[in-house]
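Novice: Input structure: my_file.tsv, which contains TSV, C-alpha atoms.
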```tsv
chain	number	residue	atom	x	y	z
O	1	ILE	CA	7.45	3.98	4.96
O	2	VAL	CA	5.13	2.52	2.29
O	3	GLY	CA	4.54	-0.64	4.29
O	4	ILE	CA	4.72	-3.50	1.79
O	5	GLY	CA	4.89	-6.59	3.99
O	6	PRO	CA	4.81	-10.19	2.75
O	7	ASP	CA	2.78	-12.61	4.82
O	8	PRO	CA	5.17	-15.36	6.02
O	9	GLU	CA	2.35	-17.92	5.93
O	10	HIS	CA	1.97	-17.34	2.15
O	11	PRO	CA	5.45	-17.60	0.60
O	12	GLY	CA	6.49	-15.96	-2.64
O	13	PHE	CA	4.42	-12.81	-2.04
O	14	ALA	CA	1.17	-14.74	-2.58
O	15	GLN	CA	-0.31	-12.51	0.12
O	16	VAL	CA	0.85	-9.12	1.37
O	17	ASN	CA	-0.27	-6.63	3.95
O	18	ILE	CA	0.04	-2.93	3.15
O	19	ASN	CA	0.66	-0.95	6.34
O	20	PRO	CA	2.23	2.42	5.52
O	21	TYR	CA	3.49	4.73	8.22
O	22	PHE	CA	2.42	8.35	7.84
O	23	PHE	CA	5.16	10.54	9.31
O	24	ASP	CA	4.06	13.99	10.47
O	25	ASP	CA	6.91	15.70	8.63
O	26	LEU	CA	6.41	13.94	5.28
O	27	THR	CA	3.81	14.98	2.74
O	28	PHE	CA	4.25	11.96	0.46
O	29	ALA	CA	6.10	8.69	0.00
O	30	GLU	CA	6.27	6.09	-2.73
O	31	GLY	CA	7.96	2.78	-3.30
O	32	PHE	CA	7.59	-0.59	-4.92
O	33	CYS	CA	8.70	-4.18	-4.71
O	34	GLU	CA	9.34	-6.37	-7.74
O	35	THR	CA	8.25	-9.91	-6.89
O	36	VAL	CA	8.01	-13.18	-8.78
O	37	ARG	CA	4.28	-12.43	-9.04
O	38	GLY	CA	4.66	-8.89	-10.36
O	39	LYS	CA	5.21	-5.35	-9.12
O	40	ILE	CA	3.56	-4.17	-5.90
O	41	ALA	CA	3.61	-0.39	-5.58
O	42	VAL	CA	2.38	2.06	-2.96
O	43	ARG	CA	2.20	5.84	-3.08
O	44	TRP	CA	0.64	8.06	-0.46
O	45	GLU	CA	0.21	11.81	-0.27
O	46	LYS	CA	-1.24	14.19	2.29
O	47	LYS	CA	-3.67	16.41	0.44
O	48	ASP	CA	-6.57	18.67	1.48
O	49	GLY	CA	-6.83	17.26	5.02
O	50	ALA	CA	-6.69	13.63	3.89
O	51	ILE	CA	-4.19	10.97	2.95
O	52	VAL	CA	-4.63	9.59	-0.56
O	53	LEU	CA	-3.12	6.17	-1.23
O	54	ASP	CA	-2.62	4.53	-4.60
O	55	ILE	CA	-1.82	0.84	-4.22
O	56	GLU	CA	-0.95	-1.26	-7.28
O	57	VAL	CA	-1.51	-5.00	-6.92
O	58	PRO	CA	-0.68	-7.70	-9.50
O	59	THR	CA	-3.38	-10.26	-10.30
O	60	ALA	CA	-1.47	-13.14	-8.68
O	61	VAL	CA	-1.27	-11.44	-5.26
O	62	ASP	CA	-3.84	-11.16	-2.47
O	63	ALA	CA	-3.25	-7.79	-0.84
O	64	TYR	CA	-4.86	-6.28	2.25
O	65	PHE	CA	-4.95	-2.74	3.65
O	66	ARG	CA	-6.27	-2.49	7.22
O	67	GLY	CA	-8.10	-5.79	6.83
O	68	ARG	CA	-9.72	-4.79	3.54
O	69	LYS	CA	-8.94	-7.00	0.56
O	70	LEU	CA	-7.72	-4.96	-2.39
O	71	ASN	CA	-8.52	-5.54	-6.05
O	72	SER	CA	-5.86	-6.35	-8.61
O	73	GLY	CA	-4.76	-3.26	-10.50
O	74	THR	CA	-4.70	0.19	-8.93
O	75	ASN	CA	-6.67	0.87	-5.74
O	76	ARG	CA	-7.24	4.45	-4.56
O	77	ILE	CA	-8.05	4.89	-0.90
O	78	THR	CA	-8.67	8.20	0.88
O	79	ILE	CA	-8.51	8.39	4.66
O	80	PRO	CA	-8.80	11.40	7.00
O	81	ASP	CA	-5.44	12.84	8.07
O	82	ALA	CA	-5.54	12.56	11.84
```
Please go through the file and, once you have read it, give me the structure as structure tokens.
Specialist:
Amino acid sequence: IVGIGPDPEHPGFAQVNINPYFFDDLTFAEGFCETVRGKIAVRWEKKDGAIVLDIEVPTAVDAYFRGRKLNSGTNRITIPDA
């Protein structure tokens, strides 16, 4: 549901792709993965006609959401709820 996916071409969670699935019947989801490089966490919530994502990325991980490279630390992304 939160979509934390390691890239098989970059072992050890050196690179991950975040691709959450937004179910119609769910208003929020959250989860995390403890890796050798640190904790990767994703939380999303449907709020005020949008979906708000908080994605936590450790410094030793390259993370991407919809092709956009994320910063280390917490990233907040708001997208329209279609």
Novice: What's around range 23-29 of chain O at 6 Å? Count all atoms listed in the file, leave out sequence neighbours fewer than 3 positions away in its own chain, and write the answer as a ChimeraX atom specification.
Specialist: /O:43-46
Novice: Of the candidates O:Ile79, O:Pro11, O:Pro20, O:Ile4, which one gets nearest to Val57 in chain O if we count all atoms listed in the file?
Specialist: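 That would be O:Ile4, the residue with the smallest distance to Val57 in chain O.
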Novice: With distances taken over all atoms listed in the file, which residue among O:Ala41, O:Ala50, O:Ile55, O:Val61 lies nearest Gly12 in chain O?
Specialist: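 The shortest atom-to-atom distance to Gly12 in chain O comes from O:Val61.
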Novice: Measuring atom to atom with only C-alpha atoms, identify which of O:Ile1, O:Ile40, O:Val52, O:Ile77 is nearest to Ala14 in chain O.
Specialist: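 Closest candidate: O:Ile40.
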Novice: Just the number, please: distance in Å from CA of Asp7 in chain O to CA of Asp81 in chain O, one decimal.
Specialist: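 Taking CA of Asp7 in chain O as the start and CA of Asp81 in chain O as the end point, the length is 26.9 Å.
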Novice: Please identify all polymer residues within 10 Å of Gly38 in chain O, counting all atoms listed in the file, omitting same-chain residues fewer than 5 positions from it, and present them as a PyMOL selection string.
Specialist: chain O and resi 13+33+56-61
Novice: Quick one: distance from CA of Gln15 in chain O to CA of Gly31 in chain O in Å, one decimal?
Specialist: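 Separation between CA of Gln15 in chain O and CA of Gly31 in chain O: 17.7 Å.
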Novice: Rounded to one decimal place, report the CA of Ser72 in chain O-CA of Arg37 in chain O distance in Å.
Specialist: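 Between CA of Ser72 in chain O and CA of Arg37 in chain O the gap works out to 11.8 Å.
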Novice: In terms of the shortest atom-to-atom distance over all atoms listed in the file, which of O:Ile18, O:Pro8, O:Gly3, O:Lys47 is closest to Leu70 in chain O?
Specialist: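 Nearest to Leu70 in chain O: O:Ile18.
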Novice: Considering only C-alpha atoms, state which residue in the set O:Asn71, O:Asn17, O:Thr78, O:Thr35 is at the smallest distance from Gly5 in chain O.
Specialist: O:Asn17
Novice: What are the centre and the three edge lengths of an axis-aligned box that wraps all atoms of range 45-58 of chain O in the file, given that 8 Å is added to every side, written as JSON and rounded to one decimal in Å?
Specialist:
```
{"center_x": -3.3, "center_y": 5.5, "center_z": -2.2, "size_x": 23.0, "size_y": 42.4, "size_z": 30.5}
```
Novice: Ranking O:Val2, O:Ile51, O:Val42, O:Val16 by minimum distance to Ala63 in chain O and counting only C-alpha atoms, which one comes first?
Specialist: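 Among O:Val2, O:Ile51, O:Val42, O:Val16, it is O:Val16 that comes nearest to Ala63 in chain O.
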Novice: Could you rebuild range 28-61 of chain O with N, CA and C atoms and give me the result as a PDB file, in the coordinates of the input?
Specialist:
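As a result, out23.pdb now contains:
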```
ATOM      1  N   PHE O  28       4.511  13.087   1.354  1.00  0.00           N
ATOM      2  CA  PHE O  28       4.250  11.960   0.460  1.00  0.00           C
ATOM      3  C   PHE O  28       5.393  10.952   0.560  1.00  0.00           C
ATOM      4  N   ALA O  29       5.097   9.743   0.106  1.00  0.00           N
ATOM      5  CA  ALA O  29       6.100   8.690   0.000  1.00  0.00           C
ATOM      6  C   ALA O  29       5.647   7.736  -1.094  1.00  0.00           C
ATOM      7  N   GLU O  30       6.609   7.099  -1.733  1.00  0.00           N
ATOM      8  CA  GLU O  30       6.270   6.090  -2.730  1.00  0.00           C
ATOM      9  C   GLU O  30       7.388   5.065  -2.811  1.00  0.00           C
ATOM     10  N   GLY O  31       6.991   3.848  -3.149  1.00  0.00           N
ATOM     11  CA  GLY O  31       7.960   2.780  -3.300  1.00  0.00           C
ATOM     12  C   GLY O  31       7.291   1.569  -3.907  1.00  0.00           C
ATOM     13  N   PHE O  32       8.125   0.620  -4.298  1.00  0.00           N
ATOM     14  CA  PHE O  32       7.590  -0.590  -4.920  1.00  0.00           C
ATOM     15  C   PHE O  32       8.501  -1.764  -4.606  1.00  0.00           C
ATOM     16  N   CYS O  33       7.960  -2.943  -4.879  1.00  0.00           N
ATOM     17  CA  CYS O  33       8.700  -4.180  -4.710  1.00  0.00           C
ATOM     18  C   CYS O  33       8.427  -5.062  -5.920  1.00  0.00           C
ATOM     19  N   GLU O  34       9.483  -5.425  -6.634  1.00  0.00           N
ATOM     20  CA  GLU O  34       9.340  -6.370  -7.740  1.00  0.00           C
ATOM     21  C   GLU O  34       9.368  -7.776  -7.159  1.00  0.00           C
ATOM     22  N   THR O  35       8.324  -8.545  -7.416  1.00  0.00           N
ATOM     23  CA  THR O  35       8.250  -9.910  -6.890  1.00  0.00           C
ATOM     24  C   THR O  35       8.124 -10.892  -8.052  1.00  0.00           C
ATOM     25  N   VAL O  36       8.184 -12.162  -7.743  1.00  0.00           N
ATOM     26  CA  VAL O  36       8.010 -13.180  -8.780  1.00  0.00           C
ATOM     27  C   VAL O  36       6.585 -13.165  -9.329  1.00  0.00           C
ATOM     28  N   ARG O  37       5.680 -12.508  -8.624  1.00  0.00           N
ATOM     29  CA  ARG O  37       4.280 -12.430  -9.040  1.00  0.00           C
ATOM     30  C   ARG O  37       3.935 -11.096  -9.697  1.00  0.00           C
ATOM     31  N   GLY O  38       4.892 -10.189  -9.764  1.00  0.00           N
ATOM     32  CA  GLY O  38       4.660  -8.890 -10.360  1.00  0.00           C
ATOM     33  C   GLY O  38       5.015  -7.757  -9.408  1.00  0.00           C
ATOM     34  N   LYS O  39       4.829  -6.541  -9.873  1.00  0.00           N
ATOM     35  CA  LYS O  39       5.210  -5.350  -9.120  1.00  0.00           C
ATOM     36  C   LYS O  39       4.088  -4.925  -8.168  1.00  0.00           C
ATOM     37  N   ILE O  40       4.461  -4.713  -6.909  1.00  0.00           N
ATOM     38  CA  ILE O  40       3.560  -4.170  -5.900  1.00  0.00           C
ATOM     39  C   ILE O  40       4.059  -2.759  -5.609  1.00  0.00           C
ATOM     40  N   ALA O  41       3.191  -1.770  -5.759  1.00  0.00           N
ATOM     41  CA  ALA O  41       3.610  -0.390  -5.580  1.00  0.00           C
ATOM     42  C   ALA O  41       2.635   0.352  -4.665  1.00  0.00           C
ATOM     43  N   VAL O  42       3.193   1.246  -3.858  1.00  0.00           N
ATOM     44  CA  VAL O  42       2.380   2.060  -2.960  1.00  0.00           C
ATOM     45  C   VAL O  42       2.871   3.502  -3.057  1.00  0.00           C
ATOM     46  N   ARG O  43       1.912   4.413  -3.145  1.00  0.00           N
ATOM     47  CA  ARG O  43       2.200   5.840  -3.080  1.00  0.00           C
ATOM     48  C   ARG O  43       1.151   6.477  -2.190  1.00  0.00           C
ATOM     49  N   TRP O  44       1.596   7.315  -1.263  1.00  0.00           N
ATOM     50  CA  TRP O  44       0.640   8.060  -0.460  1.00  0.00           C
ATOM     51  C   TRP O  44       1.034   9.522  -0.429  1.00  0.00           C
ATOM     52  N   GLU O  45       0.007  10.368  -0.281  1.00  0.00           N
ATOM     53  CA  GLU O  45       0.210  11.810  -0.270  1.00  0.00           C
ATOM     54  C   GLU O  45      -0.804  12.458   0.656  1.00  0.00           C
ATOM     55  N   LYS O  46      -0.340  13.400   1.461  1.00  0.00           N
ATOM     56  CA  LYS O  46      -1.240  14.190   2.290  1.00  0.00           C
ATOM     57  C   LYS O  46      -1.747  15.349   1.436  1.00  0.00           C
ATOM     58  N   LYS O  47      -3.080  15.438   1.348  1.00  0.00           N
ATOM     59  CA  LYS O  47      -3.670  16.410   0.440  1.00  0.00           C
ATOM     60  C   LYS O  47      -5.042  16.831   0.955  1.00  0.00           C
ATOM     61  N   ASP O  48      -5.256  18.129   1.109  1.00  0.00           N
ATOM     62  CA  ASP O  48      -6.570  18.670   1.480  1.00  0.00           C
ATOM     63  C   ASP O  48      -7.156  18.005   2.727  1.00  0.00           C
ATOM     64  N   GLY O  49      -6.346  17.823   3.766  1.00  0.00           N
ATOM     65  CA  GLY O  49      -6.830  17.260   5.020  1.00  0.00           C
ATOM     66  C   GLY O  49      -7.060  15.761   5.002  1.00  0.00           C
ATOM     67  N   ALA O  50      -6.530  15.079   3.992  1.00  0.00           N
ATOM     68  CA  ALA O  50      -6.690  13.630   3.890  1.00  0.00           C
ATOM     69  C   ALA O  50      -5.377  13.015   3.416  1.00  0.00           C
ATOM     70  N   ILE O  51      -5.311  11.713   3.516  1.00  0.00           N
ATOM     71  CA  ILE O  51      -4.190  10.970   2.950  1.00  0.00           C
ATOM     72  C   ILE O  51      -4.751  10.134   1.805  1.00  0.00           C
ATOM     73  N   VAL O  52      -4.190  10.310   0.636  1.00  0.00           N
ATOM     74  CA  VAL O  52      -4.630   9.590  -0.560  1.00  0.00           C
ATOM     75  C   VAL O  52      -3.581   8.532  -0.879  1.00  0.00           C
ATOM     76  N   LEU O  53      -4.019   7.280  -0.913  1.00  0.00           N
ATOM     77  CA  LEU O  53      -3.120   6.170  -1.230  1.00  0.00           C
ATOM     78  C   LEU O  53      -3.475   5.602  -2.592  1.00  0.00           C
ATOM     79  N   ASP O  54      -2.467   5.296  -3.372  1.00  0.00           N
ATOM     80  CA  ASP O  54      -2.620   4.530  -4.600  1.00  0.00           C
ATOM     81  C   ASP O  54      -1.796   3.268  -4.420  1.00  0.00           C
ATOM     82  N   ILE O  55      -2.472   2.126  -4.453  1.00  0.00           N
ATOM     83  CA  ILE O  55      -1.820   0.840  -4.220  1.00  0.00           C
ATOM     84  C   ILE O  55      -2.022  -0.021  -5.458  1.00  0.00           C
ATOM     85  N   GLU O  56      -0.915  -0.432  -6.072  1.00  0.00           N
ATOM     86  CA  GLU O  56      -0.950  -1.260  -7.280  1.00  0.00           C
ATOM     87  C   GLU O  56      -0.672  -2.711  -6.902  1.00  0.00           C
ATOM     88  N   VAL O  57      -1.590  -3.596  -7.296  1.00  0.00           N
ATOM     89  CA  VAL O  57      -1.510  -5.000  -6.920  1.00  0.00           C
ATOM     90  C   VAL O  57      -1.569  -5.871  -8.166  1.00  0.00           C
ATOM     91  N   PRO O  58      -0.599  -6.777  -8.368  1.00  0.00           N
ATOM     92  CA  PRO O  58      -0.680  -7.700  -9.500  1.00  0.00           C
ATOM     93  C   PRO O  58      -1.795  -8.730  -9.302  1.00  0.00           C
ATOM     94  N   THR O  59      -2.257  -9.324 -10.381  1.00  0.00           N
ATOM     95  CA  THR O  59      -3.380 -10.260 -10.300  1.00  0.00           C
ATOM     96  C   THR O  59      -3.077 -11.509  -9.473  1.00  0.00           C
ATOM     97  N   ALA O  60      -1.822 -11.904  -9.381  1.00  0.00           N
ATOM     98  CA  ALA O  60      -1.470 -13.140  -8.680  1.00  0.00           C
ATOM     99  C   ALA O  60      -1.198 -12.932  -7.195  1.00  0.00           C
ATOM    100  N   VAL O  61      -1.548 -11.756  -6.660  1.00  0.00           N
ATOM    101  CA  VAL O  61      -1.270 -11.440  -5.260  1.00  0.00           C
ATOM    102  C   VAL O  61      -2.566 -11.067  -4.550  1.00  0.00           C
TER     103      VAL O  61
END
```
